[in-house]
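Next up, my_file-v2.cif (mmCIF, C-alpha atoms):
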```cif
data_model
#
loop_
_atom_site.label_atom_id
_atom_site.label_comp_id
_atom_site.auth_asym_id
_atom_site.auth_seq_id
_atom_site.Cartn_x
_atom_site.Cartn_y
_atom_site.Cartn_z
CA MET A 1 4.66 11.91 35.30
CA SER A 2 2.96 12.98 32.10
CA PHE A 3 3.28 16.51 30.78
CA SER A 4 -0.35 17.27 31.56
CA LYS A 5 0.07 16.15 35.14
CA ARG A 6 3.20 18.23 35.38
CA THR A 7 1.31 21.22 34.09
CA ILE A 8 -1.47 20.73 36.62
CA CYS A 9 1.04 20.31 39.41
CA LEU A 10 2.90 23.42 38.28
CA ILE A 11 -0.28 25.47 38.35
CA LEU A 12 -1.16 24.18 41.79
CA LEU A 13 2.37 24.72 43.01
CA THR A 14 2.32 28.27 41.73
CA ALA A 15 -0.95 29.01 43.46
CA PHE A 16 0.26 27.44 46.64
CA ILE A 17 3.61 29.16 46.67
CA ALA A 18 1.91 32.51 46.27
CA ALA A 19 0.65 31.91 49.77
CA VAL A 20 3.68 30.21 51.26
CA ALA A 21 6.69 31.77 49.51
CA PRO A 22 7.75 33.63 52.62
CA LEU A 23 7.37 30.53 54.76
CA GLN A 24 10.35 30.13 57.00
CA ASN A 25 11.63 27.20 58.98
CA ALA A 26 14.50 26.62 61.30
CA LYS A 27 17.05 27.09 58.55
CA VAL A 28 15.43 29.95 56.64
CA SER A 29 14.78 33.21 58.40
CA THR A 30 11.68 35.31 57.85
CA ALA A 31 13.92 38.30 57.33
CA ALA A 32 15.57 36.60 54.38
CA PHE A 33 12.28 36.12 52.58
CA ARG A 34 11.17 39.64 53.34
CA ALA A 35 14.27 40.81 51.51
CA HIS A 36 12.61 40.01 48.21
CA PRO A 37 10.27 42.80 47.17
CA ARG A 38 6.70 41.75 46.57
CA LEU A 39 4.45 43.14 43.94
CA LEU A 40 1.16 42.04 45.41
CA LEU A 41 1.73 41.44 49.11
CA SER A 42 2.31 44.10 51.71
CA ALA A 43 4.98 43.45 54.32
CA ALA A 44 2.26 42.68 56.85
CA GLU A 45 0.55 40.22 54.52
CA ALA A 46 3.84 38.52 53.72
CA ALA A 47 4.54 38.18 57.42
CA ARG A 48 1.17 36.49 58.03
CA ALA A 49 1.38 34.12 55.08
CA PRO A 50 3.80 31.58 56.62
CA HIS A 51 1.56 30.98 59.60
CA GLN A 52 -1.52 30.66 57.42
CA ALA A 53 0.23 28.30 55.04
CA ARG A 54 1.60 26.03 57.75
CA ARG A 55 -1.81 25.78 59.41
CA ALA A 56 -3.30 24.88 56.03
CA VAL A 57 -0.72 22.18 55.30
CA GLU A 58 -0.74 20.66 58.76
CA GLY A 59 -4.51 20.88 58.81
CA GLY A 60 -4.66 18.58 55.79
CA LEU A 61 -5.34 20.99 52.94
CA PRO A 62 -6.31 18.59 50.11
CA GLY A 63 -3.60 17.98 47.56
CA VAL A 64 -0.88 20.12 49.10
CA ARG A 65 0.68 17.35 51.13
CA GLU A 66 0.68 15.15 48.02
CA LEU A 67 2.36 17.88 46.00
CA ILE A 68 5.08 18.26 48.59
CA SER A 69 5.57 14.50 48.64
CA ILE A 70 5.91 14.41 44.86
CA ALA A 71 8.51 17.15 44.95
CA ALA A 72 10.37 15.44 47.79
CA SER A 73 10.44 12.15 45.88
CA ARG A 74 12.51 13.59 43.06
CA ARG A 75 16.07 12.41 43.43
CA ARG A 76 17.43 12.04 39.91
CA LEU A 77 19.50 14.73 38.28
CA GLY A 78 21.33 15.25 35.05
CA ASP A 79 18.62 14.26 32.60
CA SER A 80 16.35 16.37 30.46
CA GLU A 81 13.94 16.87 33.34
CA TYR A 82 16.27 18.80 35.56
CA TYR A 83 14.14 21.92 35.05
CA TYR A 84 11.44 20.22 37.05
CA PHE A 85 13.91 19.21 39.73
CA MET A 86 15.15 22.76 39.99
CA ARG A 87 11.64 24.05 40.56
CA ASP A 88 10.79 21.27 42.96
CA TYR A 89 13.96 21.74 44.98
CA ALA A 90 13.33 25.49 45.15
CA PHE A 91 9.77 24.78 46.25
CA LEU A 92 10.93 22.44 49.02
CA TYR A 93 13.42 25.03 50.18
CA ALA A 94 10.81 27.77 50.26
CA VAL A 95 8.20 25.73 52.10
CA GLY A 96 10.55 24.08 54.55
CA ASN A 97 10.01 20.79 56.31
CA VAL A 98 6.43 19.70 56.86
CA SER A 99 5.80 16.98 59.40
CA GLY A 100 4.88 13.59 57.96
CA ILE A 101 6.76 14.04 54.69
CA SER A 102 9.74 11.85 53.87
CA TYR A 103 12.54 14.06 52.57
CA GLY A 104 15.69 12.92 50.84
CA THR A 105 17.75 15.66 52.42
CA SER A 106 17.47 18.93 54.33
CA ALA A 107 15.69 22.06 53.15
CA ALA A 108 19.06 23.79 53.00
CA ASN A 109 20.41 21.11 50.69
CA TYR A 110 17.37 21.39 48.44
CA GLY A 111 18.00 25.11 48.22
CA ALA A 112 21.66 24.57 47.41
CA LYS A 113 20.79 22.12 44.64
CA ALA A 114 18.20 24.48 43.18
CA LEU A 115 20.81 27.24 43.16
CA GLU A 116 23.31 24.98 41.43
CA LEU A 117 20.82 24.15 38.70
CA LEU A 118 19.71 27.75 38.31
CA ARG A 119 23.32 28.79 37.79
CA LYS A 120 23.78 26.04 35.25
CA ILE A 121 20.68 27.01 33.29
CA SER A 122 21.54 30.71 33.36
CA ALA A 123 25.08 30.05 32.19
CA ALA A 124 23.82 27.87 29.37
CA GLY A 125 21.52 30.62 28.16
CA THR A 126 18.86 28.00 27.66
CA LEU A 127 15.59 29.17 26.25
CA GLY A 128 12.57 27.73 27.96
CA ASP A 129 11.77 24.21 28.94
CA PRO A 130 13.29 21.46 26.77
CA ALA A 131 10.41 19.14 27.62
CA ASP A 132 7.98 21.55 25.97
CA PRO A 133 7.76 20.76 22.26
CA ASP A 134 6.47 24.25 21.59
CA ASP A 135 9.80 25.68 22.61
CA GLY A 136 11.30 24.82 19.26
CA ARG A 137 11.41 28.15 17.50
CA MET B 1 9.77 30.82 40.13
CA THR B 2 13.09 29.40 41.22
CA TYR B 3 14.59 32.89 41.26
CA ASP B 4 11.88 33.96 43.68
CA TRP B 5 11.81 30.85 45.83
CA ILE B 6 15.54 30.72 46.52
CA TYR B 7 16.05 34.48 46.48
CA PRO B 8 17.74 34.50 49.91
CA LEU B 9 20.47 32.23 48.52
CA LEU B 10 21.30 34.35 45.49
CA SER B 11 24.40 36.52 45.40
CA SER B 12 24.41 39.78 43.51
CA GLY B 13 26.25 38.01 40.70
CA ASP B 14 23.63 35.25 40.63
CA LYS B 15 20.85 37.82 40.32
CA GLN B 16 22.65 39.63 37.53
CA ALA B 17 23.18 36.38 35.64
CA VAL B 18 19.62 35.14 36.06
CA VAL B 19 18.07 38.45 35.09
CA ALA B 20 20.29 38.62 32.03
CA ALA B 21 19.21 35.10 31.06
CA LEU B 22 15.56 35.91 31.70
CA LYS B 23 15.75 38.95 29.45
CA VAL B 24 16.98 36.78 26.61
CA ALA B 25 14.63 33.86 27.21
CA ALA B 26 11.59 36.01 27.90
CA PHE B 27 12.11 38.45 25.07
CA GLN B 28 9.73 41.20 24.02
CA PRO B 29 6.84 39.66 22.08
CA GLY B 30 5.35 41.05 18.92
CA GLY B 31 2.30 42.36 20.72
CA PRO B 32 -0.74 43.84 18.98
CA GLY B 33 0.22 44.60 15.40
CA GLY B 34 3.15 42.20 15.49
CA GLY B 35 3.83 39.23 13.24
CA LYS B 36 1.70 36.88 15.33
CA ASN B 37 -1.65 37.70 16.82
CA ALA B 38 -3.06 37.01 20.26
CA PHE B 39 -4.50 33.67 19.11
CA HIS B 40 -1.11 32.20 18.23
CA HIS B 41 0.09 29.79 20.89
CA ARG B 42 3.70 30.96 20.79
CA GLU B 43 2.68 34.60 20.89
CA VAL B 44 0.51 33.85 23.91
CA LYS B 45 3.42 32.17 25.66
CA ASP B 46 5.87 34.89 24.68
CA ARG B 47 3.61 37.60 26.05
CA LEU B 48 3.05 35.85 29.35
CA ASN B 49 6.72 34.92 29.73
CA TYR B 50 7.68 38.54 29.09
CA ILE B 51 5.44 39.76 31.89
CA LEU B 52 6.22 36.95 34.32
CA ALA B 53 9.96 37.52 33.96
CA GLY B 54 9.43 41.14 34.91
CA MET B 55 7.46 40.08 37.95
CA ALA B 56 10.33 37.82 39.02
CA TYR B 57 12.90 40.60 39.28
CA ALA B 58 10.69 43.63 39.89
CA GLY B 59 12.09 45.85 42.57
CA ASP B 60 15.23 43.86 43.27
CA GLY B 61 17.55 46.59 41.98
CA ILE B 62 18.97 44.67 39.04
CA ASP B 63 16.91 46.34 36.33
CA ASP B 64 13.81 47.81 37.91
CA ALA B 65 13.01 49.95 34.89
CA ASP B 66 12.86 46.96 32.57
CA ALA B 67 10.80 45.01 35.10
CA ALA B 68 8.35 47.90 35.40
CA THR B 69 8.03 48.09 31.62
CA ARG B 70 7.25 44.39 31.47
CA VAL B 71 4.71 44.42 34.29
CA GLY B 72 3.18 47.59 32.90
CA SER B 73 2.58 45.94 29.55
CA TYR B 74 -0.12 43.67 30.96
CA SER B 75 -3.00 45.75 29.69
CA THR B 76 -1.54 46.05 26.20
CA LEU B 77 -0.47 42.43 25.85
CA VAL B 78 -3.23 40.72 27.78
CA SER B 79 -6.36 42.56 28.82
CA ARG B 80 -7.10 45.21 26.19
CA ASP B 81 -8.20 44.84 22.58
CA GLY B 82 -5.58 42.80 20.75
CA GLY B 83 -4.61 41.09 23.98
CA VAL B 84 -4.69 37.45 24.99
CA GLN B 85 -7.70 37.75 27.24
CA PRO B 86 -10.13 39.11 24.60
CA ALA B 87 -8.82 36.46 22.20
CA ARG B 88 -9.59 33.69 24.64
CA ASN B 89 -12.97 35.15 25.43
CA PHE B 90 -13.70 35.21 21.71
CA ILE B 91 -12.85 31.53 21.45
CA ALA B 92 -14.96 30.75 24.49
CA GLY B 93 -17.90 32.62 23.06
CA SER B 94 -17.58 30.90 19.71
CA GLU B 95 -17.44 27.45 21.23
CA GLY B 96 -19.97 28.01 23.95
CA GLY B 97 -17.52 27.09 26.63
CA VAL B 98 -15.15 28.74 28.99
CA SER B 99 -11.77 30.15 28.08
CA VAL B 100 -9.58 27.32 29.30
CA GLY B 101 -7.64 25.31 26.78
CA GLN B 102 -7.66 26.02 23.09
CA SER B 103 -6.19 23.01 21.41
CA ASP B 104 -7.93 23.81 18.15
CA THR B 105 -6.26 27.19 17.69
CA PRO B 106 -3.27 27.78 15.38
#
```

Kindly transcribe the structure held in the file into structure tokens.
Amino acid sequence: MSFSKRTICLILLTAFIAAVAPLQNAKVSTAAFRAHPRLLLSAAEAARAPHQARRAVEGGLPGVRELISIAASRRRLGDSEYYYFMRDYAFLYAVGNVSGISYGTSAANYGAKALELLRKISAAGTLGDPADPDDGR
Amino acid sequence: MTYDWIYPLLSSGDKQAVVAALKVAAFQPGGPGGGKNAFHHREVKDRLNYILAGMAYAGDGIDDADAATRVGSYSTLVSRDGGVQPARNFIAGSEGGVSVGQSDTP
């Protein structure tokens, strides 16, 4: 995927996750997501968002299903793109399983892998995204 | 984003480590009057990263004061005179377009 496509996907993912971040599934409780304080959403709004998001996805919201499929298709690890995998895995964990999407593993496993990568990046003290040429300071 | 999306999985130690890393990676930008102005692509990124990092850990008890400072800097770094938004509007006005993309800026 080219950088520009990644950027577009990232923007769309960000917009989408703003609506679905608290989305829970069988493995992720609503209470767990409510534990994270929100700057812009009230508790009532956060509670409604999962239902609205799932209806939107299952109702065929254009592009969202494709974005989830792209994220779910990422399997490789250990190369310079693992930042993207970390975000994608975290995204898949947050959204949970959507019917009709082929996943490589469970939402819980995606979350665990995202956590592993986040720990690795934090420990490395890495600055920014290595795929972004502007990050050279 | 990852910090937010997998928040339920993070231990207290994880949060401490990530916030510490975010503070380093998303350092305080020069801001108005700094070495780079609001047209400079790295200054733009530094300003937005600084604020976004604060949004990520706002209110989670790790360093709420720092997060509040970052989020509260939006008007200074972005929306007011000397901020990114007026700079982009200036470019848009000069080029007769809209303020998305500015590949011809320094």

task = Please measure the separation of CA of Asp66 (chain B) and CA of Lys113 (chain A), giving the value in Å to one decimal.
result =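 Those two atoms sit 28.7 Å apart.
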
Mind giving me the axis-aligned box for region 40-49 of chain B with 4 Å on every side, centre plus edges in Å to one decimal, as lines of an AutoDock Vina configuration file?
```
center_x = 2.8
center_y = 33.7
center_z = 24.0
size_x = 15.8
size_y = 15.8
size_z = 19.5
```

For region 24-31 of chain B, list every protein, DNA or RNA residue within 6 Å, evaluated using all atoms listed in the file, and leave out those in the same chain fewer than 2 positions away; present the list as an mmCIF file with C-alpha atoms, keeping the file's coordinate frame.
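Writing the result to part_18.cif gives the following:
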```cif
data_model
loop_
_atom_site.group_PDB
_atom_site.id
_atom_site.type_symbol
_atom_site.label_atom_id
_atom_site.label_comp_id
_atom_site.auth_asym_id
_atom_site.auth_seq_id
_atom_site.Cartn_x
_atom_site.Cartn_y
_atom_site.Cartn_z
ATOM 1 C CA LEU A 127 15.590 29.170 26.250
ATOM 2 C CA ALA B 21 19.210 35.100 31.060
ATOM 3 C CA LEU B 22 15.560 35.910 31.700
ATOM 4 C CA GLY B 34 3.150 42.200 15.490
ATOM 5 C CA ASP B 46 5.870 34.890 24.680
ATOM 6 C CA ARG B 47 3.610 37.600 26.050
ATOM 7 C CA ASN B 49 6.720 34.920 29.730
ATOM 8 C CA TYR B 50 7.680 38.540 29.090
ATOM 9 C CA LEU B 77 -0.470 42.430 25.850
#
```

I'd like to see the residues matched by the PyMOL selection byres ((chain B) within 6 of (chain A)) on this file, and ideally I'd get them as an mmCIF file with C-alpha atoms, in the frame of the given file.
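result-v6.cif was written with the following content:
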```cif
data_model
loop_
_atom_site.group_PDB
_atom_site.id
_atom_site.type_symbol
_atom_site.label_atom_id
_atom_site.label_comp_id
_atom_site.auth_asym_id
_atom_site.auth_seq_id
_atom_site.Cartn_x
_atom_site.Cartn_y
_atom_site.Cartn_z
ATOM 1 C CA THR B 2 13.090 29.400 41.220
ATOM 2 C CA TRP B 5 11.810 30.850 45.830
ATOM 3 C CA ILE B 6 15.540 30.720 46.520
ATOM 4 C CA PRO B 8 17.740 34.500 49.910
ATOM 5 C CA VAL B 18 19.620 35.140 36.060
ATOM 6 C CA ALA B 21 19.210 35.100 31.060
ATOM 7 C CA ALA B 25 14.630 33.860 27.210
ATOM 8 C CA GLY B 59 12.090 45.850 42.570
#
```

query = CA of Leu48 (chain B) to CA of Val71 (chain B): how many Å, to one decimal?
reply =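 Taking CA of Leu48 (chain B) as the start and CA of Val71 (chain B) as the end point, the length is 10.0 Å.
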
task = Run the PyMOL selection byres ((chain B and resi 67) around 9) on the file and write out the hits as a list in words.
result = Ile51, Ala53, Gly54, Met55, Ala56, Tyr57, Ala58, Gly59, Asp63, Asp64, Ala65, Asp66, Ala68, Thr69, Arg70, Val71 and Gly72 of chain B

ask   = Skipping near chain neighbours, those fewer than 3 positions away, what residues fall within 9 Å of Val98 (chain A) using all atoms listed in the file, listed as a list in words?
value = Arg54, Val57, Glu58, Arg65, Ile68, Val95 and Ile101 of chain A

request  = Please indicate the distance in Å from CA of Gly60 (chain A) to CA of Ser73 (chain A), rounded to one decimal place.
outcome  = 19.2 Å

Residues matched by the PyMOL selection byres ((chain B and resi 37) around 12) as a PyMOL selection string = chain B and resi 29-36+38-47+77-78+81-84+86-88+105-106
